[in-house]
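Read the structure below first, then the notes.
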Amino acid sequence: MRVGAGATALGAVGSLSGCSAIQDLIPGGGGAGISSYSNWVYEPDTFESDAEGIDVFAFSTKKALSNSGNLNEDFLLSLKSNSSRQLGIRAENINMGMSVPDGSIVTGSFDTESIKAELESSRETPTDSGFGSNDDSTAGYEYESETTHEGYEIYVRADQEEPGRAYAIGDGTIVQGNRVSNDGNESDSVSAEDVAKGIIDTGESGDNRLVDNNEEFKTLVDSTDKGVSISLDLYDDEVGSEDGPDEDVRSREFDGLIGYGQADTFNGDTTKIQYVFVFGSEGDVNEGDIEEWVEANDTGEGNLSELRDIKINTDGNTATVTGKIDTIEYDFSY
């Protein structure tokens with residue numbers, strides 16, 4: 001069964017792939033776990049001036065592997081190989097990998113000095129982010145330490161005047177910031193270094209933290225389980241509003257919907273799948289629409305067809321759908 005659709009975002013969590021020194025790291029540091037993911041979510045327009053909505057994804061490989069005895073072999077192998085390949089850090093040492101619109105955050109146990117040394121070394125065949133490609137035309141890239149910020153050392157590519165990425169290396173945490181062009185307007189662009197600093201300020205100090213400043217997002221966070229996998233989407237505008245998407249009940253676009261979340265939680269040999277819907281007001285919640293969506297997707301090739309014990313609950317301006325599968329059937333592709 002394929003669940004946890006947001007997991008495809010994990011491929012974007014960090015680009016420290018191909019670093020031999022990083023793949024053989026000695027555990028060190030620690031970093032926060034997935035339960036603190038909302039601390040890193042900034043207000044949508046923090047870097048992208050016109051943004052109003054935001055989507056985030058967080059996954060704990062360490063938490064998943066603690067339940068390895070109940071996972072199928074194919075998923076387990078994919079989990080280990082993809083995490084190591086994407087992040088260059090042993091899968092079992094990743095407390096949380098998280099993607100946000102303008103970068104990513106990785107927390108766990110790794111040797112920060114080894115990562116810094118690898119960033120500073122010139123690779124013979126680097127990727128566009130500086131690591132391990134087979135494209136010889138990109139040879140010679142290396143990163144240099146640009147500055148420090150709140151205990152993080154920030155690295156940018158040495159040969160670029162306006163680097164597309166910056167890596168901030170802290171104790172048990174790596175933050176990647178991506179340059180934001182703001183529709184190509186050079187005067188309004190935000191450097192990768194400043195994006196990395198801004199993400200750090202949100203995660204460490206609470207600056208522009210969305211959960212503290214947006215009631216709908218706070219409701220979404222509070223209503224969504226702290227599972228092994230969490231994906232949240234706060235819409236720009238309510239479904240059915242003048243600027244929002246059109247209503248389409250069978251495709252999970254309910255009138256008045258402003259936010260959606262999914263959490264997958266391993267409980268031994270059973271996995272709980274939770275869907276959370278946040279509406280603009282309590283009056284927008286239509287349980288009949290939720291039931292129609294479940295019925296339309298609970299048969300054949302529908303997304304819910306392999307779930308059992310499906311339950312629907314409403315509370316204020318939220319609706320929650322939960323179901324269960326056998327953990328041995330759990331699978332998603334990165």
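By convention in this document, the chains of the structure tokens carry letters A, B, ... by their order, each chain's residues are numbered from 1, and ligands are numbered from 1 in the order they are shown.
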
Long-range neighbours of region 53-70 of chain A as an MDAnalysis selection string, 9 Å cut-off, only C-alpha atoms, 5 positions minimum in chain: chainID A and resid 6:7 9:10 33:34 37 41:45 76 79:80 83 91:101 108 227:237 266:270 326:328

Taking C-alpha atoms for each residue, export the selection above as a PDB file, in the first residue's frame.
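Final output, part_17.pdb:
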ATOM      1  CA  GLY A   6       3.949  13.935   1.422  1.00  0.00           C
ATOM      2  CA  ALA A   7       6.948  11.670   1.794  1.00  0.00           C
ATOM      3  CA  ALA A   9       9.225  15.753  -0.286  1.00  0.00           C
ATOM      4  CA  LEU A  10      11.914  13.948   1.686  1.00  0.00           C
ATOM      5  CA  GLY A  33      12.994  15.298  17.246  1.00  0.00           C
ATOM      6  CA  ILE A  34       9.963  15.433  14.981  1.00  0.00           C
ATOM      7  CA  TYR A  37       8.747  20.412  13.737  1.00  0.00           C
ATOM      8  CA  VAL A  41       7.758  26.773  10.137  1.00  0.00           C
ATOM      9  CA  TYR A  42       7.948  30.471   9.309  1.00  0.00           C
ATOM     10  CA  GLU A  43       5.230  32.811   8.044  1.00  0.00           C
ATOM     11  CA  PRO A  44       4.691  32.311   4.282  1.00  0.00           C
ATOM     12  CA  ASP A  45       5.863  35.790   3.227  1.00  0.00           C
ATOM     13  CA  LEU A  76      13.164  -0.892   5.111  1.00  0.00           C
ATOM     14  CA  LEU A  79      14.363   3.853   3.873  1.00  0.00           C
ATOM     15  CA  LYS A  80      18.000   3.166   4.718  1.00  0.00           C
ATOM     16  CA  SER A  83      18.148   8.472   3.594  1.00  0.00           C
ATOM     17  CA  ALA A  91      19.560   6.771   8.451  1.00  0.00           C
ATOM     18  CA  GLU A  92      19.401   5.661  12.073  1.00  0.00           C
ATOM     19  CA  ASN A  93      20.968   8.971  13.162  1.00  0.00           C
ATOM     20  CA  ILE A  94      18.293  11.220  11.619  1.00  0.00           C
ATOM     21  CA  ASN A  95      15.885  12.467  14.271  1.00  0.00           C
ATOM     22  CA  MET A  96      14.000  14.628  11.776  1.00  0.00           C
ATOM     23  CA  GLY A  97      14.248  15.538   8.125  1.00  0.00           C
ATOM     24  CA  MET A  98      11.988  18.435   7.190  1.00  0.00           C
ATOM     25  CA  SER A  99      11.258  20.406   4.040  1.00  0.00           C
ATOM     26  CA  VAL A 100       9.915  23.961   3.994  1.00  0.00           C
ATOM     27  CA  PRO A 101       9.272  26.052   0.856  1.00  0.00           C
ATOM     28  CA  GLY A 108      20.160  14.176  14.484  1.00  0.00           C
ATOM     29  CA  GLY A 227       3.651  10.580  13.955  1.00  0.00           C
ATOM     30  CA  VAL A 228       6.640   9.223  12.096  1.00  0.00           C
ATOM     31  CA  SER A 229       5.518  11.225   9.051  1.00  0.00           C
ATOM     32  CA  ILE A 230       3.704  14.574   9.051  1.00  0.00           C
ATOM     33  CA  SER A 231       2.615  16.730   6.120  1.00  0.00           C
ATOM     34  CA  LEU A 232       0.684  19.995   6.400  1.00  0.00           C
ATOM     35  CA  ASP A 233      -0.713  22.363   3.794  1.00  0.00           C
ATOM     36  CA  LEU A 234      -2.098  25.794   4.672  1.00  0.00           C
ATOM     37  CA  TYR A 235      -3.946  27.197   1.655  1.00  0.00           C
ATOM     38  CA  ASP A 236      -3.574  30.721   0.294  1.00  0.00           C
ATOM     39  CA  ASP A 237      -7.372  31.092   0.267  1.00  0.00           C
ATOM     40  CA  PHE A 266       3.502   3.329  13.785  1.00  0.00           C
ATOM     41  CA  ASN A 267       1.990   1.399  16.697  1.00  0.00           C
ATOM     42  CA  GLY A 268       3.827  -1.911  16.555  1.00  0.00           C
ATOM     43  CA  ASP A 269       2.244  -4.115  13.898  1.00  0.00           C
ATOM     44  CA  THR A 270      -0.524  -1.557  13.237  1.00  0.00           C
ATOM     45  CA  ASP A 326      -0.953  -3.434   9.015  1.00  0.00           C
ATOM     46  CA  THR A 327       2.501  -1.905   9.398  1.00  0.00           C
ATOM     47  CA  ILE A 328       3.965  -4.649   7.193  1.00  0.00           C
TER      48      ILE A 328
END

At a cut-off of 12 Å, using only C-alpha atoms, what residues contact Gly151 (chain A)? Leave out same-chain residues fewer than 4 positions from it and give the result as a ChimeraX atom specification. /A:147,168-174,197,200-201,204

Let me see the file: selected residues, all heavy atoms, as a compact mmCIF listing (two decimals), in the first residue's frame.
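result.txt written:
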# COMPACT_ATOMS: atom_id res chain seq x y z
N THR A 147 30.09 33.04 7.13
CA THR A 147 29.83 33.78 8.37
C THR A 147 29.30 32.80 9.41
O THR A 147 29.12 31.61 9.14
CB THR A 147 28.80 34.90 8.11
OG1 THR A 147 28.66 35.70 9.29
CG2 THR A 147 27.44 34.32 7.75
N ALA A 168 23.92 25.84 6.74
CA ALA A 168 24.26 26.29 8.09
C ALA A 168 24.44 25.06 8.97
O ALA A 168 23.51 24.27 9.14
CB ALA A 168 23.16 27.19 8.63
N ILE A 169 25.64 24.90 9.50
CA ILE A 169 25.98 23.70 10.27
C ILE A 169 26.02 24.05 11.75
O ILE A 169 26.83 24.87 12.20
CB ILE A 169 27.35 23.13 9.85
CG1 ILE A 169 27.46 23.07 8.31
CG2 ILE A 169 27.56 21.77 10.47
CD1 ILE A 169 26.42 22.23 7.63
N GLY A 170 25.12 23.46 12.52
CA GLY A 170 25.08 23.68 13.95
C GLY A 170 25.28 22.38 14.70
O GLY A 170 25.56 21.33 14.10
N ASP A 171 25.15 22.41 15.99
CA ASP A 171 25.33 21.22 16.82
C ASP A 171 24.09 20.35 16.74
O ASP A 171 23.08 20.62 17.38
CB ASP A 171 25.60 21.63 18.26
CG ASP A 171 25.90 20.43 19.16
OD1 ASP A 171 26.21 19.35 18.62
OD2 ASP A 171 25.82 20.59 20.39
N GLY A 172 24.15 19.31 15.92
CA GLY A 172 23.01 18.41 15.78
C GLY A 172 21.95 18.89 14.82
O GLY A 172 20.89 18.27 14.70
N THR A 173 22.20 19.99 14.09
CA THR A 173 21.22 20.51 13.15
C THR A 173 21.92 21.07 11.91
O THR A 173 22.92 21.78 12.03
CB THR A 173 20.38 21.64 13.79
OG1 THR A 173 19.75 21.15 14.97
CG2 THR A 173 19.29 22.12 12.83
N ILE A 174 21.39 20.74 10.74
CA ILE A 174 21.84 21.33 9.48
C ILE A 174 20.65 22.04 8.85
O ILE A 174 19.57 21.46 8.72
CB ILE A 174 22.36 20.26 8.50
CG1 ILE A 174 23.53 19.48 9.11
CG2 ILE A 174 22.79 20.90 7.18
CD1 ILE A 174 23.98 18.31 8.26
N LYS A 197 19.73 32.06 7.59
CA LYS A 197 19.69 32.78 8.86
C LYS A 197 18.25 32.94 9.35
O LYS A 197 17.96 32.78 10.55
CB LYS A 197 20.32 34.16 8.70
CG LYS A 197 21.83 34.16 8.53
CD LYS A 197 22.34 35.58 8.35
CE LYS A 197 23.85 35.64 8.20
NZ LYS A 197 24.33 37.03 7.99
N ILE A 200 16.90 29.73 10.76
CA ILE A 200 17.49 29.53 12.09
C ILE A 200 16.79 30.41 13.13
O ILE A 200 16.46 29.95 14.23
CB ILE A 200 19.00 29.85 12.06
CG1 ILE A 200 19.75 28.79 11.24
CG2 ILE A 200 19.57 29.91 13.48
CD1 ILE A 200 21.18 29.18 10.91
N ASP A 201 16.54 31.66 12.77
CA ASP A 201 15.87 32.58 13.71
C ASP A 201 14.48 32.09 14.08
O ASP A 201 14.03 32.24 15.22
CB ASP A 201 15.79 33.98 13.11
CG ASP A 201 17.15 34.67 13.04
OD1 ASP A 201 18.06 34.24 13.76
OD2 ASP A 201 17.29 35.62 12.25
N GLU A 204 15.14 28.61 16.23
CA GLU A 204 15.83 28.75 17.50
C GLU A 204 15.25 29.84 18.40
O GLU A 204 15.25 29.71 19.62
CB GLU A 204 17.32 29.04 17.25
CG GLU A 204 18.05 27.97 16.45
CD GLU A 204 18.32 26.70 17.25
OE1 GLU A 204 17.93 26.63 18.43
OE2 GLU A 204 18.93 25.77 16.68

Which of region 157-228 of chain A end up as strand (DSSP E) when DSSP is run on this backbone - answer as a ChimeraX atom specification? /A:157,165-170,173-178

Residues at most 8 Å from Phe277 (chain A), counting only C-alpha atoms, excluding those fewer than 3 positions away in the same chain, as a PyMOL selection string? chain A and resi 220+257-261+318-320

Using only all heavy atoms, please write the residues we just selected to a file, as an mmCIF file, in the first residue's frame.
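The result, stored in again_1.cif:
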data_model
loop_
_atom_site.group_PDB
_atom_site.id
_atom_site.type_symbol
_atom_site.label_atom_id
_atom_site.label_comp_id
_atom_site.auth_asym_id
_atom_site.auth_seq_id
_atom_site.Cartn_x
_atom_site.Cartn_y
_atom_site.Cartn_z
ATOM 1 N N LEU A 220 -4.317 23.374 12.961
ATOM 2 C CA LEU A 220 -3.851 22.250 12.150
ATOM 3 C C LEU A 220 -2.753 21.477 12.877
ATOM 4 O O LEU A 220 -2.783 20.241 12.944
ATOM 5 C CB LEU A 220 -3.344 22.778 10.807
ATOM 6 C CG LEU A 220 -3.005 21.762 9.715
ATOM 7 C CD1 LEU A 220 -4.196 20.885 9.384
ATOM 8 C CD2 LEU A 220 -2.511 22.497 8.467
ATOM 9 N N LEU A 257 -12.568 24.922 3.136
ATOM 10 C CA LEU A 257 -11.333 24.324 3.648
ATOM 11 C C LEU A 257 -10.177 25.314 3.519
ATOM 12 O O LEU A 257 -9.981 25.930 2.474
ATOM 13 C CB LEU A 257 -11.015 23.048 2.861
ATOM 14 C CG LEU A 257 -9.829 22.213 3.360
ATOM 15 C CD1 LEU A 257 -10.165 21.576 4.706
ATOM 16 C CD2 LEU A 257 -9.462 21.136 2.334
ATOM 17 N N ILE A 258 -9.377 25.443 4.589
ATOM 18 C CA ILE A 258 -8.236 26.362 4.576
ATOM 19 C C ILE A 258 -6.924 25.645 4.885
ATOM 20 O O ILE A 258 -5.841 26.147 4.590
ATOM 21 C CB ILE A 258 -8.448 27.521 5.575
ATOM 22 C CG1 ILE A 258 -7.389 28.614 5.394
ATOM 23 C CG2 ILE A 258 -8.468 27.012 7.010
ATOM 24 C CD1 ILE A 258 -7.425 29.315 4.066
ATOM 25 N N GLY A 259 -6.995 24.430 5.452
ATOM 26 C CA GLY A 259 -5.772 23.694 5.769
ATOM 27 C C GLY A 259 -6.010 22.204 5.816
ATOM 28 O O GLY A 259 -7.109 21.737 6.140
ATOM 29 N N TYR A 260 -4.967 21.452 5.460
ATOM 30 C CA TYR A 260 -5.063 19.989 5.415
ATOM 31 C C TYR A 260 -3.785 19.387 5.986
ATOM 32 O O TYR A 260 -2.683 19.897 5.771
ATOM 33 C CB TYR A 260 -5.251 19.522 3.971
ATOM 34 C CG TYR A 260 -4.983 18.049 3.761
ATOM 35 C CD1 TYR A 260 -5.923 17.102 4.150
ATOM 36 C CD2 TYR A 260 -3.788 17.611 3.206
ATOM 37 C CE1 TYR A 260 -5.673 15.749 3.982
ATOM 38 C CE2 TYR A 260 -3.534 16.263 3.025
ATOM 39 C CZ TYR A 260 -4.478 15.334 3.417
ATOM 40 O OH TYR A 260 -4.229 13.995 3.257
ATOM 41 N N GLY A 261 -3.927 18.287 6.728
ATOM 42 C CA GLY A 261 -2.760 17.604 7.268
ATOM 43 C C GLY A 261 -2.915 16.101 7.217
ATOM 44 O O GLY A 261 -4.031 15.576 7.167
ATOM 45 N N THR A 318 -12.829 21.797 12.723
ATOM 46 C CA THR A 318 -11.977 20.733 12.195
ATOM 47 C C THR A 318 -12.775 19.449 11.973
ATOM 48 O O THR A 318 -13.779 19.191 12.644
ATOM 49 C CB THR A 318 -10.804 20.406 13.142
ATOM 50 O OG1 THR A 318 -11.315 19.838 14.353
ATOM 51 C CG2 THR A 318 -9.998 21.650 13.453
ATOM 52 N N ALA A 319 -12.294 18.661 11.024
ATOM 53 C CA ALA A 319 -12.812 17.311 10.800
ATOM 54 C C ALA A 319 -11.610 16.381 10.688
ATOM 55 O O ALA A 319 -10.579 16.749 10.115
ATOM 56 C CB ALA A 319 -13.652 17.248 9.535
ATOM 57 N N THR A 320 -11.725 15.196 11.252
ATOM 58 C CA THR A 320 -10.625 14.240 11.255
ATOM 59 C C THR A 320 -11.116 12.890 10.764
ATOM 60 O O THR A 320 -12.170 12.411 11.191
ATOM 61 C CB THR A 320 -10.034 14.077 12.670
ATOM 62 O OG1 THR A 320 -9.647 15.355 13.167
ATOM 63 C CG2 THR A 320 -8.821 13.169 12.648
#

Could you please write out, as a PyMOL selection string, every residue of region 182-214 of chain A that DSSP assigns to helix (DSSP H, G or I)? chain A and resi 186-188+192-205+210-212
